[in-house]
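A quick write-up on the structure given underneath.
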Amino acid sequence: MNLSAETVQTVKATVPVLEEHGVAIVEYFYKDMLSENPELLNVFNAANQRSGRQQAALTGAIYAYAANIDNLDALTSTVQRIAYKHVSFNILPEHYGIVGRHLIKAMAHVLGDKASSRILDAWSEAYNYLASLFIDVEKTIYHEKENAEGGWRGTRPFRIRRKEKESDLITSFYLEPVDGKPVAHFYPGQYISIYIRPDDYDFHCIRQYSLSDAPNGKHYRISVKREGSEASKGLISHYLHDSLNVDDIVQLSPPVGDFFLDPEETTPVVLLSGGVGQTPVLSMLNTLTINKSDRPIRYVHNAINSQVHAFGKHTRALSSQHNNIKQFLFYDAPTQHCSGHDFTGSLDMDSIRQDIQLPGAHYYFCGPAGYLSMINSTLKSWGIPESHIHYEIFGPDHSV
Ligand SMILES: Cc1cc2nc3c(=O)[nH]c(=O)nc-3n(C[C@H](O)[C@H](O)[C@H](O)COP(=O)(O)OP(=O)(O)OC[C@H]3O[C@@H](n4cnc5c(N)ncnc54)[C@H](O)[C@@H]3O)c2cc1C
Ligand code: HEM
């Protein structure tokens, strides 16, 4: 299917209107769609909608699509990333019809007279085109995941085999498939989705967790931070910490994600993380050491203090046992009981520049949004090519 020149022109011409009304359209769209299709409450995260992050992500995607409609190749990597996320939520082709119908209805409602039937038809045609792109990419991912050794489609029951406190805030869960068969391989940095229906809850909730250890074919490990304050506790992270225990069963999606270490690379690798953002890069570090990699590795981590610093003993041991690994540990606000850190305060890239600006290095980082944008802009200012910069955000908004 190709879009007509007229459709392309009409969609591009509506970009300024979208910019003006994009958020209102997406807000109306979610409310209307979820009231008519309450089963989708099983899929969409209420907290992400409350915070506006989900709306911002979808608005951003629609805007990017409109701006690039005559150059869709520019969106290939974005489509791939979103498709991985959709697969982890088990989004199916029939969902696209529901979203499309409510999106066009929302445009008509919010734009009123500004949305002629010509504009709505053009958007409808363009949406169906984009939806078919996603459906095709997702079909390929579902197929690969289902047919990989140890793979599956949708969800698979896993038993919590071990639950281990890593710090005052972070606990690891070792998850083994109930069927006792192997688990699919993953690339270090990738994530699974966990499907949980808390007691007294009408819908199940889906959350992503990066796999925090190297692949081993038998089980997965996730490491979860208690999210939020007493007044606004994160639902699933608290449920995992407080209500789920060894032998309890959860459902998992197969591992996916576009943030991963390429095992074939031989270049130096710099891993940077803040707080629980450590999980995907720890999987990378563990994989590199298990594979006896001799790549120069720099492991930079920020924690508030030693009470909330997870895996400190482990990464310290790795850096003292392997000459190619150098660790740089920052404590933002150390207490008098803290020791072993190299720097006090937030990450200062200049203070470690000569240690981490290695020729040809690839940079992988994960942490809070402000931390990511600071690293991203610093690396760019050092002249690091974009193709060597890789990061993960623990939420629906990827604008760093
Ligand atoms: C690719 C990816 C990988 C991830 N990997 C990890 C990982 O390895 N480890 C990890 O711990 N997390 C990870 N996350 C984050 C994880 O998926 C969850 O988002 C996180 O655990 C919070 O989920 P929750 O259900 O506890 O919080 P939610 O209930 O979803 O709430 C989210 C936030 O909103 C706040 N909130 C909730 N209710 C209210 C309210 N009424 N008013 C105001 N604020 C409110 C909460 O305090 C919380 O901070 C990852 C996310 C992604 C996308
Ligand atoms: C062409 C249509 C669509 C576009 C452009 C789109 C776009 C997006 C974007 C940009 C994100 C954020 C991805 C990220 O984390 O980086 C996202 C996430 C998501 N999408 Fe879609 N999407 C589309 C269709 C659908 C459909 C049909 C469904 C299911 C009904 C769906 C459900 C979701 C869910 C559940 C998330 C995760 C949100 C979260 O993390 O809270 N999407 N989508």
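Residues are named by chain letter and number: chains run A, B, ... in the order of the structure tokens, numbers start at 1 in each chain, and ligands are numbered from 1 in the order shown.
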
What's the 9 Å shell around stretch 193-206 of chain A, counting only C-alpha atoms, without same-chain residues fewer than 3 positions away, as an NGL selection string? :A and (39 or 41-45 or 85 or 88-89 or 155 or 209-210 or 235-236 or 239 or 243 or 250-256)

Mind dumping the selected residues with C-alpha atoms as a PDB file, in the first residue's frame?
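As a result, selection03.pdb now contains:
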```
ATOM      1  CA  GLU A  39     -10.529  -4.537  28.696  1.00  0.00           C
ATOM      2  CA  LEU A  41      -7.169  -1.301  31.173  1.00  0.00           C
ATOM      3  CA  ASN A  42      -5.325  -4.637  31.296  1.00  0.00           C
ATOM      4  CA  VAL A  43      -2.786  -3.078  28.955  1.00  0.00           C
ATOM      5  CA  PHE A  44      -2.364   0.622  29.730  1.00  0.00           C
ATOM      6  CA  ASN A  45      -0.535   1.723  32.886  1.00  0.00           C
ATOM      7  CA  LYS A  85       7.512  -2.432  23.613  1.00  0.00           C
ATOM      8  CA  SER A  88       6.102  -7.045  25.462  1.00  0.00           C
ATOM      9  CA  PHE A  89       2.488  -5.905  26.035  1.00  0.00           C
ATOM     10  CA  THR A 155       3.037 -14.915  28.326  1.00  0.00           C
ATOM     11  CA  TYR A 209      12.087  -5.055  34.006  1.00  0.00           C
ATOM     12  CA  SER A 210      15.567  -5.263  32.485  1.00  0.00           C
ATOM     13  CA  LEU A 235       1.822  -0.400  42.545  1.00  0.00           C
ATOM     14  CA  ILE A 236       3.741  -3.344  41.101  1.00  0.00           C
ATOM     15  CA  TYR A 239       3.534  -5.650  45.314  1.00  0.00           C
ATOM     16  CA  SER A 243       3.351  -9.536  48.606  1.00  0.00           C
ATOM     17  CA  VAL A 250       4.028 -14.616  37.679  1.00  0.00           C
ATOM     18  CA  GLN A 251       3.567 -14.399  33.910  1.00  0.00           C
ATOM     19  CA  LEU A 252       6.395 -13.135  31.701  1.00  0.00           C
ATOM     20  CA  SER A 253       6.692 -11.955  28.100  1.00  0.00           C
ATOM     21  CA  PRO A 254       9.789 -13.087  26.162  1.00  0.00           C
ATOM     22  CA  PRO A 255      12.823 -10.769  26.389  1.00  0.00           C
ATOM     23  CA  VAL A 256      12.937  -7.904  23.858  1.00  0.00           C
TER      24      VAL A 256
END
```

Could you pull the residues within 12 Å of A:Ser319, counting only C-alpha atoms, minus those fewer than 3 positions along the same chain, as JSON, numbers by chain? {"A": [285, 286, 289, 296, 297, 298, 299, 300, 312, 313, 314, 315, 316, 322, 323, 324, 325, 326, 327, 328, 329]}

Dump of N, CA and C atoms for the selected residues, as a CSV table (one decimal), in the first residue's frame:
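File produced: out.csv:
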```csv
chain,number,residue,atom,x,y,z
A,285,LEU,N,27.9,-6.1,32.0
A,285,LEU,CA,29.2,-6.3,32.7
A,285,LEU,C,29.4,-7.8,33.0
A,286,ASN,N,28.3,-8.5,33.5
A,286,ASN,CA,28.4,-9.9,33.9
A,286,ASN,C,28.6,-10.7,32.6
A,289,THR,N,32.2,-10.4,31.5
A,289,THR,CA,33.2,-11.2,32.3
A,289,THR,C,33.1,-12.7,32.2
A,296,PRO,N,38.5,-3.3,26.9
A,296,PRO,CA,38.6,-2.4,28.1
A,296,PRO,C,37.2,-2.0,28.5
A,297,ILE,N,36.9,-2.1,29.8
A,297,ILE,CA,35.5,-1.9,30.3
A,297,ILE,C,35.6,-0.8,31.4
A,298,ARG,N,34.8,0.2,31.3
A,298,ARG,CA,34.7,1.2,32.4
A,298,ARG,C,33.3,1.1,33.0
A,299,TYR,N,33.2,1.0,34.3
A,299,TYR,CA,31.9,0.8,34.9
A,299,TYR,C,31.7,2.0,35.9
A,300,VAL,N,30.8,2.9,35.4
A,300,VAL,CA,30.6,4.1,36.2
A,300,VAL,C,29.2,4.1,36.8
A,312,GLY,N,27.2,-3.5,45.0
A,312,GLY,CA,28.5,-2.9,45.2
A,312,GLY,C,29.6,-3.9,45.4
A,313,LYS,N,29.3,-4.9,46.2
A,313,LYS,CA,30.4,-5.9,46.5
A,313,LYS,C,30.7,-6.6,45.3
A,314,HIS,N,29.7,-7.0,44.5
A,314,HIS,CA,29.9,-7.8,43.3
A,314,HIS,C,30.7,-7.0,42.2
A,315,THR,N,30.4,-5.7,42.0
A,315,THR,CA,31.1,-5.0,40.9
A,315,THR,C,32.5,-4.6,41.4
A,316,ARG,N,32.7,-4.4,42.7
A,316,ARG,CA,34.0,-4.1,43.2
A,316,ARG,C,34.9,-5.4,43.1
A,322,HIS,N,39.7,-8.3,37.5
A,322,HIS,CA,39.9,-8.2,36.1
A,322,HIS,C,40.6,-6.9,35.7
A,323,ASN,N,41.8,-7.0,35.1
A,323,ASN,CA,42.6,-5.8,34.8
A,323,ASN,C,41.9,-4.9,33.8
A,324,ASN,N,41.1,-5.5,33.0
A,324,ASN,CA,40.4,-4.6,31.9
A,324,ASN,C,39.2,-3.9,32.4
A,325,ILE,N,38.8,-4.1,33.7
A,325,ILE,CA,37.6,-3.4,34.2
A,325,ILE,C,38.0,-2.4,35.2
A,326,LYS,N,37.6,-1.1,35.0
A,326,LYS,CA,37.8,-0.1,36.0
A,326,LYS,C,36.5,0.5,36.4
A,327,GLN,N,36.3,0.6,37.8
A,327,GLN,CA,35.1,1.1,38.3
A,327,GLN,C,35.2,2.5,38.8
A,328,PHE,N,34.2,3.3,38.6
A,328,PHE,CA,34.2,4.7,39.1
A,328,PHE,C,32.9,4.9,39.9
A,329,LEU,N,32.9,5.0,41.2
A,329,LEU,CA,31.7,5.0,42.0
A,329,LEU,C,31.5,6.4,42.6
```

Would you mind listing the residues within 9 Å of ligand 1, counting only C-alpha atoms and all ligand atoms, as an MDAnalysis selection string? chainID A and resid 45:48 50:51 85 170:171 189:194 205:212 222:240 256:257 259 276:280 392:397

Which chain A residues have any atom within 8 Å of an atom of ligand 2, and for each, what is the nearest pair of atoms with distance in Å to one decimal, counting only C-alpha atoms and all ligand atoms, rows sorted by chain and number, as CSV?
```
residue,atom,partner,partner_atom_place_in_ligand_line,distance
A:Leu40,CA,ligand 2,30 (C),6.6
A:Val43,CA,ligand 2,35 (C),5.0
A:Phe44,CA,ligand 2,35 (C),4.6
A:Asn45,CA,ligand 2,41 (O),4.8
A:Ala46,CA,ligand 2,41 (O),7.8
A:Ala47,CA,ligand 2,41 (O),8.0
A:Asn48,CA,ligand 2,41 (O),5.3
A:Gln49,CA,ligand 2,41 (O),7.2
A:Arg53,CA,ligand 2,41 (O),7.7
A:Gln54,CA,ligand 2,41 (O),5.5
A:Ala57,CA,ligand 2,10 (C),4.6
A:Leu58,CA,ligand 2,10 (C),4.5
A:Thr59,CA,ligand 2,10 (C),7.5
A:Gly60,CA,ligand 2,10 (C),6.6
A:Ala61,CA,ligand 2,10 (C),4.7
A:Ile62,CA,ligand 2,5 (C),5.6
A:Tyr65,CA,ligand 2,5 (C),7.7
A:Thr78,CA,ligand 2,10 (C),7.9
A:Arg81,CA,ligand 2,16 (O),6.4
A:Ile82,CA,ligand 2,13 (C),4.6
A:Ala83,CA,ligand 2,43 (N),8.0
A:Lys85,CA,ligand 2,15 (O),6.0
A:His86,CA,ligand 2,20 (N),5.6
A:Phe89,CA,ligand 2,35 (C),5.9
A:Ile91,CA,ligand 2,29 (C),5.3
A:Leu92,CA,ligand 2,27 (C),7.3
A:Pro93,CA,ligand 2,27 (C),7.2
A:Glu94,CA,ligand 2,27 (C),7.6
A:His95,CA,ligand 2,27 (C),4.4
A:Tyr96,CA,ligand 2,27 (C),3.7
A:Gly97,CA,ligand 2,27 (C),7.1
A:Ile98,CA,ligand 2,27 (C),6.9
A:Val99,CA,ligand 2,27 (C),5.1
A:Gly100,CA,ligand 2,2 (C),7.3
A:Tyr127,CA,ligand 2,1 (C),6.0
A:Asn128,CA,ligand 2,1 (C),7.4
A:Leu130,CA,ligand 2,1 (C),5.1
A:Ala131,CA,ligand 2,1 (C),4.3
A:Ser132,CA,ligand 2,1 (C),8.0
A:Phe134,CA,ligand 2,1 (C),6.6
A:Arg207,CA,ligand 2,40 (O),7.7
A:Ile393,CA,ligand 2,15 (O),7.9
A:Gly395,CA,ligand 2,40 (O),5.6
A:Pro396,CA,ligand 2,15 (O),3.4
A:Asp397,CA,ligand 2,16 (O),5.4
A:His398,CA,ligand 2,16 (O),5.2
```

May I ask for the distance between atom CA of A:Pro268 and atom CA of A:Pro359, given in Å to one decimal place?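 Atom-to-atom, atom CA of A:Pro268 to atom CA of A:Pro359, that is 7.6 Å.
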
Can you list every residue in stretch 59-162 of chain A that DSSP puts in alpha helix (DSSP H), as number ranges by chain? A: 59-67, 76-88, 93-111, 117-147

Atomic distance atom CA of A:Glu125 - atom CA of A:Gly112, expressed in Å with one decimal: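 Computing it gives 19.3 Å between the two atoms.
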
For each of A:Leu372, A:Leu288, A:Leu358, A:Val137, take the minimum atom-to-atom distance to A:Gln80, counting only C-alpha atoms, then give the residue where this is smallest.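 Residue with the minimum atom-to-atom distance to A:Gln80: A:Val137.
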
Each residue of stretch 72-132 of chain A lying at most 10 Å from stretch 11-31 of chain A should get a row with its shortest atom-to-atom pair and the distance in Å to one decimal, counting only C-alpha atoms; could you produce that, ordered by chain and increasing number, as a Markdown table?
```
| residue | atom | partner | partner_atom | distance |
| --- | --- | --- | --- | --- |
| A:Val99 | CA | A:Phe29 | CA | 8.4 |
| A:Gly100 | CA | A:Phe29 | CA | 9.8 |
| A:Arg101 | CA | A:Phe29 | CA | 9.5 |
| A:His102 | CA | A:Phe29 | CA | 5.8 |
| A:Leu103 | CA | A:Phe29 | CA | 5.6 |
| A:Ile104 | CA | A:Phe29 | CA | 8.6 |
| A:Lys105 | CA | A:Phe29 | CA | 7.6 |
| A:Ala106 | CA | A:Phe29 | CA | 5.1 |
| A:Met107 | CA | A:Ile25 | CA | 5.8 |
| A:Ala108 | CA | A:Ile25 | CA | 8.9 |
| A:His109 | CA | A:Ile25 | CA | 8.1 |
| A:Val110 | CA | A:Ile25 | CA | 6.0 |
| A:Leu111 | CA | A:His21 | CA | 7.5 |
| A:Lys114 | CA | A:Val17 | CA | 8.6 |
| A:Ala115 | CA | A:Thr14 | CA | 9.3 |
| A:Ile119 | CA | A:Val11 | CA | 7.3 |
| A:Leu120 | CA | A:Val11 | CA | 9.2 |
| A:Asp121 | CA | A:Val11 | CA | 9.8 |
| A:Ala122 | CA | A:Val11 | CA | 6.4 |
| A:Trp123 | CA | A:Val11 | CA | 6.3 |
| A:Ser124 | CA | A:Val11 | CA | 9.9 |
| A:Glu125 | CA | A:Val11 | CA | 9.7 |
| A:Ala126 | CA | A:Val11 | CA | 7.7 |
```

Please dump the current selection as a short mmCIF file (atom, residue, chain, number, x, y, z; two decimals), in the first residue's frame; keep C-alpha atoms.
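Result saved to again06.cif:
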```cif
data_model
loop_
_atom_site.label_atom_id
_atom_site.label_comp_id
_atom_site.auth_asym_id
_atom_site.auth_seq_id
_atom_site.Cartn_x
_atom_site.Cartn_y
_atom_site.Cartn_z
CA VAL A 99 -6.85 2.74 18.44
CA GLY A 100 -7.33 4.09 14.90
CA ARG A 101 -11.09 4.53 15.29
CA HIS A 102 -10.75 6.41 18.58
CA LEU A 103 -7.82 8.50 17.38
CA ILE A 104 -9.74 9.85 14.37
CA LYS A 105 -12.79 10.42 16.58
CA ALA A 106 -10.59 12.39 19.03
CA MET A 107 -9.16 14.52 16.20
CA ALA A 108 -12.67 15.31 14.96
CA HIS A 109 -13.81 16.18 18.49
CA VAL A 110 -10.87 18.41 19.48
CA LEU A 111 -10.23 20.09 16.14
CA LYS A 114 -10.59 22.79 11.64
CA ALA A 115 -10.87 19.08 10.77
CA ILE A 119 -8.22 15.98 6.63
CA LEU A 120 -9.79 13.18 8.67
CA ASP A 121 -9.78 10.84 5.66
CA ALA A 122 -6.12 11.62 4.99
CA TRP A 123 -5.23 10.91 8.64
CA SER A 124 -7.26 7.75 8.62
CA GLU A 125 -5.41 6.54 5.53
CA ALA A 126 -2.06 7.55 7.02
#
```

May I ask for the distance between atom CA of A:Glu146 and atom CA of A:Pro177, given in Å to one decimal place?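 These two atoms are separated by 15.1 Å.
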
Of the candidates A:Phe343, A:Ser293, A:Gly275, A:Thr10, which one gets nearest to A:Ala369 if we count only C-alpha atoms? A:Gly275

Using only C-alpha atoms, what table do you get, as a Markdown table, when you list each residue of stretch 231-309 of chain A with an atom no more than 6 Å from stretch 360-368 of chain A, its nearest pair of atoms, and their distance in Å rounded to one decimal, rows by chain then rising number?
```
| residue | atom | partner | partner_atom | distance |
| --- | --- | --- | --- | --- |
| A:Thr267 | CA | A:Ala361 | CA | 5.6 |
| A:Pro268 | CA | A:Ala361 | CA | 4.5 |
| A:Val269 | CA | A:His362 | CA | 5.0 |
| A:Val270 | CA | A:Tyr363 | CA | 4.8 |
| A:Leu271 | CA | A:Tyr364 | CA | 5.0 |
| A:Leu272 | CA | A:Phe365 | CA | 4.6 |
| A:Ser273 | CA | A:Cys366 | CA | 5.0 |
| A:Gly274 | CA | A:Gly367 | CA | 4.5 |
| A:Gly277 | CA | A:Gly367 | CA | 4.2 |
```

Residues near A:Asn291, anyone? I mean within 12 Å using only C-alpha atoms, not counting same-chain ones fewer than 3 positions away, as a list in words.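 That gives Ala214, Pro215, Asn216, Pro263, Glu264, Met284, Leu285, Asn286, Thr287, Leu288, Asp294 and Arg295 of chain A.
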
Based on the selection just made, write N, CA, C and O atoms of those residues as an mmCIF file, in the first residue's frame.
```cif
data_model
loop_
_atom_site.group_PDB
_atom_site.id
_atom_site.type_symbol
_atom_site.label_atom_id
_atom_site.label_comp_id
_atom_site.auth_asym_id
_atom_site.auth_seq_id
_atom_site.Cartn_x
_atom_site.Cartn_y
_atom_site.Cartn_z
ATOM 1 N N ALA A 214 23.663 -12.112 33.437
ATOM 2 C CA ALA A 214 23.998 -12.641 32.103
ATOM 3 C C ALA A 214 23.012 -13.754 31.736
ATOM 4 O O ALA A 214 22.470 -14.416 32.623
ATOM 5 N N PRO A 215 22.766 -13.972 30.436
ATOM 6 C CA PRO A 215 21.884 -15.082 30.047
ATOM 7 C C PRO A 215 22.478 -16.424 30.458
ATOM 8 O O PRO A 215 23.700 -16.613 30.402
ATOM 9 N N ASN A 216 21.616 -17.367 30.906
ATOM 10 C CA ASN A 216 22.136 -18.686 31.304
ATOM 11 C C ASN A 216 21.270 -19.836 30.801
ATOM 12 O O ASN A 216 21.522 -20.998 31.114
ATOM 13 N N PRO A 263 27.462 -8.554 21.203
ATOM 14 C CA PRO A 263 28.527 -9.450 21.665
ATOM 15 C C PRO A 263 29.673 -9.582 20.673
ATOM 16 O O PRO A 263 30.774 -10.015 21.041
ATOM 17 N N GLU A 264 29.416 -9.207 19.413
ATOM 18 C CA GLU A 264 30.476 -9.330 18.394
ATOM 19 C C GLU A 264 31.474 -8.168 18.432
ATOM 20 O O GLU A 264 32.558 -8.258 17.877
ATOM 21 N N MET A 284 25.238 -6.497 31.133
ATOM 22 C CA MET A 284 26.315 -6.379 30.140
ATOM 23 C C MET A 284 27.665 -6.707 30.786
ATOM 24 O O MET A 284 28.466 -7.473 30.239
ATOM 25 N N LEU A 285 27.904 -6.111 31.969
ATOM 26 C CA LEU A 285 29.183 -6.338 32.662
ATOM 27 C C LEU A 285 29.363 -7.825 32.961
ATOM 28 O O LEU A 285 30.435 -8.403 32.717
ATOM 29 N N ASN A 286 28.305 -8.451 33.494
ATOM 30 C CA ASN A 286 28.406 -9.873 33.854
ATOM 31 C C ASN A 286 28.637 -10.736 32.619
ATOM 32 O O ASN A 286 29.400 -11.703 32.655
ATOM 33 N N THR A 287 27.958 -10.377 31.512
ATOM 34 C CA THR A 287 28.132 -11.161 30.283
ATOM 35 C C THR A 287 29.567 -11.035 29.779
ATOM 36 O O THR A 287 30.196 -12.035 29.380
ATOM 37 N N LEU A 288 30.094 -9.826 29.795
ATOM 38 C CA LEU A 288 31.468 -9.622 29.313
ATOM 39 C C LEU A 288 32.457 -10.423 30.164
ATOM 40 O O LEU A 288 33.383 -11.042 29.628
ATOM 41 N N ASP A 294 38.299 -9.401 26.716
ATOM 42 C CA ASP A 294 39.435 -8.555 27.100
ATOM 43 C C ASP A 294 39.221 -7.118 26.636
ATOM 44 O O ASP A 294 40.148 -6.313 26.597
ATOM 45 N N ARG A 295 37.966 -6.777 26.286
ATOM 46 C CA ARG A 295 37.686 -5.391 25.909
ATOM 47 C C ARG A 295 37.919 -4.494 27.132
ATOM 48 O O ARG A 295 37.542 -4.869 28.245
#
```

Which one is closest to A:Leu133: A:Leu34, A:Tyr220, A:Asp350, A:Leu72? Count only C-alpha atoms.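 Among the listed residues, A:Leu72 lies closest to A:Leu133.
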
Nearest to A:Ser346, chosen from A:Phe158, A:Tyr84, A:Phe311, A:Tyr371, with only C-alpha atoms counted in the distances: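 When distances to A:Ser346 are compared using only C-alpha atoms, the smallest one comes from A:Tyr371.
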